[in-house]
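A.B. asks: Data: run.txt, compact mmCIF, C-alpha atoms.
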# COMPACT_ATOMS: atom_id res chain seq x y z
CA MET A 350 0.00 0.00 0.00
CA GLU A 351 1.19 3.51 -0.76
CA TYR A 352 2.93 5.40 2.02
CA ARG A 353 0.58 8.40 1.86
CA LEU A 354 -2.47 6.18 2.39
CA VAL A 355 -0.86 4.39 5.32
CA SER A 356 0.10 7.76 6.83
CA LEU A 357 -3.42 9.11 6.33
CA LYS A 358 -4.95 6.02 7.95
CA LEU A 359 -2.62 6.21 10.95
CA ILE A 360 -3.27 9.92 11.43
CA LEU A 361 -7.05 9.46 11.21
CA ASP A 362 -6.76 6.68 13.78
CA THR A 363 -4.72 8.93 16.09
CA LEU A 364 -7.34 11.66 15.70
CA GLY A 365 -10.05 9.13 16.52
CA ILE A 366 -11.74 9.56 13.14
CA PRO A 367 -13.01 6.51 11.28
CA ASN A 368 -12.14 6.50 7.60
CA LYS A 369 -15.81 6.37 6.63
CA VAL A 370 -16.59 9.14 4.19
CA GLU A 371 -20.26 8.64 3.30
CA SER A 372 -21.39 11.87 4.94
CA PHE A 373 -20.46 15.36 3.84
CA ASN A 374 -19.69 16.36 7.44
CA GLN A 375 -17.25 13.47 7.84
CA ARG A 376 -15.42 14.45 4.63
CA LYS A 377 -15.38 18.11 5.66
CA LYS A 378 -14.01 17.19 9.09
CA ILE A 379 -11.17 15.17 7.53
CA GLN A 380 -10.35 17.96 5.06
CA LYS A 381 -10.15 20.60 7.78
CA LEU A 382 -8.25 18.49 10.31
CA ILE A 383 -5.60 17.46 7.80
CA TYR A 384 -5.26 21.13 6.79
CA LEU A 385 -4.85 22.15 10.46
CA LEU A 386 -2.26 19.40 10.93
CA LYS A 387 -0.34 20.75 7.95
CA ALA A 388 -0.41 24.22 9.51
CA TRP A 389 0.79 22.61 12.75
CA GLY A 390 3.79 21.07 11.00
CA VAL A 391 2.52 17.58 10.20
CA ASN A 392 2.56 17.79 6.41
CA LEU A 393 1.30 14.83 4.39
CA GLY A 394 2.00 16.63 1.12
CA TYR A 395 -1.54 17.76 0.33
CA HIS A 396 -1.97 21.13 -1.33
CA TYR A 397 -4.97 23.27 -0.47
CA GLY A 398 -6.90 25.95 -2.26
CA TRP A 399 -9.94 27.94 -1.21
CA TYR A 400 -13.30 26.32 -1.84
CA LEU A 401 -16.88 26.95 -0.74
CA TYR A 402 -16.30 25.43 2.70
CA GLY A 403 -12.79 26.79 3.23
CA PRO A 404 -9.47 25.05 2.57
CA TYR A 405 -9.88 22.02 0.32
CA SER A 406 -7.49 19.49 -1.20
CA PRO A 407 -8.72 17.44 -4.18
CA SER A 408 -5.84 14.97 -3.76
CA LEU A 409 -6.82 14.38 -0.12
CA ALA A 410 -10.40 13.72 -1.27
CA ARG A 411 -9.14 11.10 -3.74
CA ASP A 412 -7.02 9.51 -1.01
CA TYR A 413 -9.73 9.22 1.63
CA PHE A 414 -12.11 7.64 -0.89
CA GLU A 415 -9.37 5.21 -1.95
CA LEU A 416 -8.53 4.47 1.69
CA GLU A 417 -12.16 3.70 2.48
CA THR A 418 -12.37 1.37 -0.53
CA LEU A 419 -9.21 -0.48 0.47
CA THR A 420 -10.44 -0.82 4.05
CA ASN A 421 -13.79 -2.15 2.83
CA LEU A 422 -11.91 -4.69 0.71
CA GLY A 423 -10.14 -5.97 3.82
CA GLU A 424 -6.79 -4.16 3.63
CA LYS A 425 -5.01 -4.42 6.99
CA PHE A 426 -2.80 -1.85 8.65
CA GLU A 427 -1.46 -4.04 11.44
CA GLY A 428 2.05 -3.35 12.63
CA GLN A 429 2.02 0.18 11.25
CA LYS A 430 2.66 3.01 13.69
CA LEU A 431 3.27 6.73 13.52
CA PRO A 432 6.51 8.04 14.97
CA GLU A 433 6.01 9.01 18.61
CA LYS A 434 6.94 12.64 17.87
CA ILE A 435 4.09 12.88 15.31
CA GLU A 436 1.62 11.28 17.72
CA GLN A 437 2.61 13.83 20.37
CA LYS A 438 2.14 16.72 17.93
CA ILE A 439 -1.31 15.44 16.98
CA THR A 440 -2.29 15.05 20.63
CA LYS A 441 -1.18 18.60 21.42
CA LEU A 442 -3.05 20.03 18.42
CA LYS A 443 -6.24 18.22 19.50
CA THR A 444 -6.12 20.08 22.82
CA ILE A 445 -5.71 23.44 21.06
CA ILE A 446 -8.55 22.98 18.58
CA ASN A 447 -11.15 21.59 20.96
CA LYS A 448 -14.43 23.42 20.62
CA PRO A 449 -14.80 25.88 23.52
CA ASP A 450 -17.87 26.00 25.75
CA GLY A 451 -20.64 28.11 24.31
CA VAL A 452 -19.87 27.29 20.68
CA GLU A 453 -23.00 25.76 19.20
CA LEU A 454 -21.47 24.24 16.09
CA ASP A 455 -20.79 20.61 15.30
CA GLU A 456 -17.14 19.63 15.01
CA ALA A 457 -17.07 19.78 11.22
CA ASP A 458 -18.34 23.38 11.25
CA TRP A 459 -15.97 24.34 14.08
CA PHE A 460 -13.00 22.95 12.13
CA GLU A 461 -14.25 24.72 9.02
CA LEU A 462 -14.15 28.01 10.91
CA LEU A 463 -10.68 27.39 12.40
CA SER A 464 -9.15 26.28 9.11
CA SER A 465 -10.81 29.13 7.19
CA ILE A 466 -9.41 31.71 9.59
CA HIS A 467 -5.96 30.16 9.39
CA PHE A 468 -6.04 29.98 5.59
CA LEU A 469 -7.27 33.54 5.19
CA LYS A 470 -4.61 34.89 7.54
CA TYR A 471 -1.56 32.87 6.55
CA ILE A 472 -2.24 31.96 2.92
CA SER A 473 -4.46 34.79 1.64
CA ARG A 474 -2.78 37.34 3.96
CA TYR A 475 -6.02 38.96 5.12
CA ASP A 476 -5.83 41.21 8.14
CA LYS A 477 -8.21 40.46 11.01
CA ASN A 478 -10.85 43.03 9.95
CA LYS A 479 -10.92 41.92 6.31
CA MET A 480 -11.08 38.29 7.40
CA GLU A 481 -13.99 38.88 9.77
CA GLU A 482 -15.87 40.89 7.14
CA PHE A 483 -15.30 38.17 4.54
CA LEU A 484 -16.44 35.39 6.88
CA ASN A 485 -19.52 37.33 7.99
CA LYS A 486 -20.51 37.66 4.34
CA GLU A 487 -19.53 34.19 3.10
CA LYS A 488 -20.12 32.04 6.19
CA PRO A 489 -22.69 33.77 8.41
CA ARG A 490 -23.80 30.49 10.02
CA ILE A 491 -20.36 29.95 11.58
CA SER A 492 -18.80 33.41 11.65
CA LYS A 493 -20.60 34.46 14.82
CA TYR A 494 -17.95 32.42 16.67
CA PHE A 495 -15.08 34.26 14.98
CA ASN A 496 -13.81 35.81 18.21
CA LYS A 497 -13.61 32.40 19.91
CA ALA A 498 -11.90 30.76 16.93
CA TYR A 499 -9.46 33.48 15.91
CA PRO A 500 -6.98 33.13 18.81
CA LEU A 501 -6.94 29.34 18.44
CA ALA A 502 -6.43 29.42 14.69
CA ASP A 503 -3.70 32.00 15.14
CA ARG A 504 -2.02 29.91 17.84
CA ILE A 505 -1.58 26.96 15.49
CA SER A 506 1.18 28.71 13.53
CA LYS A 507 2.68 30.53 16.49
CA ASP A 508 3.08 27.46 18.73
CA LEU A 509 5.13 25.55 16.17
Could you write out this file's structure as structure tokens?
C.D. replies:
Amino acid sequence: MEYRLVSLKLILDTLGIPNKVESFNQRKKIQKLIYLLKAWGVNLGYHYGWYLYGPYSPSLARDYFELETLTNLGEKFEGQKLPEKIEQKITKLKTIINKPDGVELDEADWFELLSSIHFLKYISRYDKNKMEEFLNKEKPRISKYFNKAYPLADRISKDL
């Protein structure tokens, strides 16, 4: 099996995410978490552009569909393990990106907001005001939590 698929499977396992991608929210959650991991310094080689729901990688989409197919066909990943340093980085990131109290979004929407803020700041180079204005216009259902998400999204690059 290809290294990138094994790595993706092991990272999803470490994140506690099954590689089932039937639902849109599950696919969105995977897209955003792998983006946030890349920003955190765990780069699987996926390239992201801006899409309707924030950062999106077509090659990641192909890989998680392929991974699900292989798993359904009985492919085993026994004996495979992430390096301890990577597991520790993932564990630390999970504590940073946990949804705070008072945020009434599901995890997929919360990760969409975090990854969108990060992408707009560090890739698109928006300042905070332009970013907030853009998100209020383009993502009003999640942007009301901007002030709770902004410091966490910003921390991802600063804590490296």
A.B. asks: Could you give me, as a VMD selection string, the residues within 10 Å of stretch 362-370 of chain A, counting all atoms listed in the file and dropping anything in the same chain fewer than 3 positions from it?
C.D. replies: chain A and resid 356 to 359 373 to 379 382 to 383 410 413 to 414 416 to 418 420 to 421 430 to 431 435 to 437 439 to 440 442 to 443
A.B. asks: Pick the closest to A:Tyr384 from A:Ala498, A:Leu409, A:Met480, A:Val355: which is it, counting only C-alpha atoms?
C.D. replies: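 Residue with the minimum atom-to-atom distance to A:Tyr384: A:Leu409.
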A.B. asks: From the set A:Lys479, A:Lys387, A:Lys497, A:Lys381, which residue has the shortest atom-to-atom contact distance to A:Tyr402, counting all atoms listed in the file?
C.D. replies: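 Smallest separation from A:Tyr402 among the options: A:Lys381.
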A.B. asks: Edge lengths and centre, in Å to one decimal, as AutoDock Vina command-line options: that's what I need for the box along x, y and z that holds all listed atoms of stretch 397-414 of chain A plus 4 Å on each side.
C.D. replies:
--center_x -10.9 --center_y 17.8 --center_z -0.5 --size_x 19.9 --size_y 28.3 --size_z 15.4
A.B. asks: Give as a list of chain:residue names the set of residues within 10 Å of the point (-14.7, 27.0, 22.2), where distances use the file's coordinates and all atoms listed in the file.
C.D. replies: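 Every residue inside that radius is included here: A:Ile445, A:Ile446, A:Asn447, A:Lys448, A:Pro449, A:Asp450, A:Gly451, A:Val452, A:Glu453, A:Leu454, A:Trp459, A:Tyr494, A:Asn496, A:Lys497, A:Ala498, A:Leu501.
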A.B. asks: Of the candidates A:Arg353, A:Lys488, A:His396, A:Lys438, which one gets nearest to A:Ser465 if we count all atoms listed in the file?
C.D. replies: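 Of A:Arg353, A:Lys488, A:His396, A:Lys438, the one nearest A:Ser465, counting all atoms listed in the file, is A:Lys488.
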A.B. asks: For A:Gln429, which residue out of A:Pro500, A:Leu385, A:Ile360, A:Ser506 is the nearest one, using all atoms listed in the file?
C.D. replies: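 For A:Gln429, the nearest of the given residues is A:Ile360.
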A.B. asks: What lies within 10 Å of A:Leu484 using all atoms listed in the file, ignoring chain neighbours under 5 positions off, as a PDB file with C-alpha atoms, in the frame of the given file?
C.D. replies:
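Below you can see out-v1.pdb, which holds the result:
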ATOM      1  CA  LEU A 462     -14.150  28.010  10.910  1.00  0.00           C
ATOM      2  CA  SER A 465     -10.810  29.130   7.190  1.00  0.00           C
ATOM      3  CA  ILE A 466      -9.410  31.710   9.590  1.00  0.00           C
ATOM      4  CA  LEU A 469      -7.270  33.540   5.190  1.00  0.00           C
ATOM      5  CA  ASN A 478     -10.850  43.030   9.950  1.00  0.00           C
ATOM      6  CA  LYS A 479     -10.920  41.920   6.310  1.00  0.00           C
ATOM      7  CA  PRO A 489     -22.690  33.770   8.410  1.00  0.00           C
ATOM      8  CA  ARG A 490     -23.800  30.490  10.020  1.00  0.00           C
ATOM      9  CA  ILE A 491     -20.360  29.950  11.580  1.00  0.00           C
ATOM     10  CA  SER A 492     -18.800  33.410  11.650  1.00  0.00           C
ATOM     11  CA  LYS A 493     -20.600  34.460  14.820  1.00  0.00           C
ATOM     12  CA  PHE A 495     -15.080  34.260  14.980  1.00  0.00           C
TER      13      PHE A 495
END
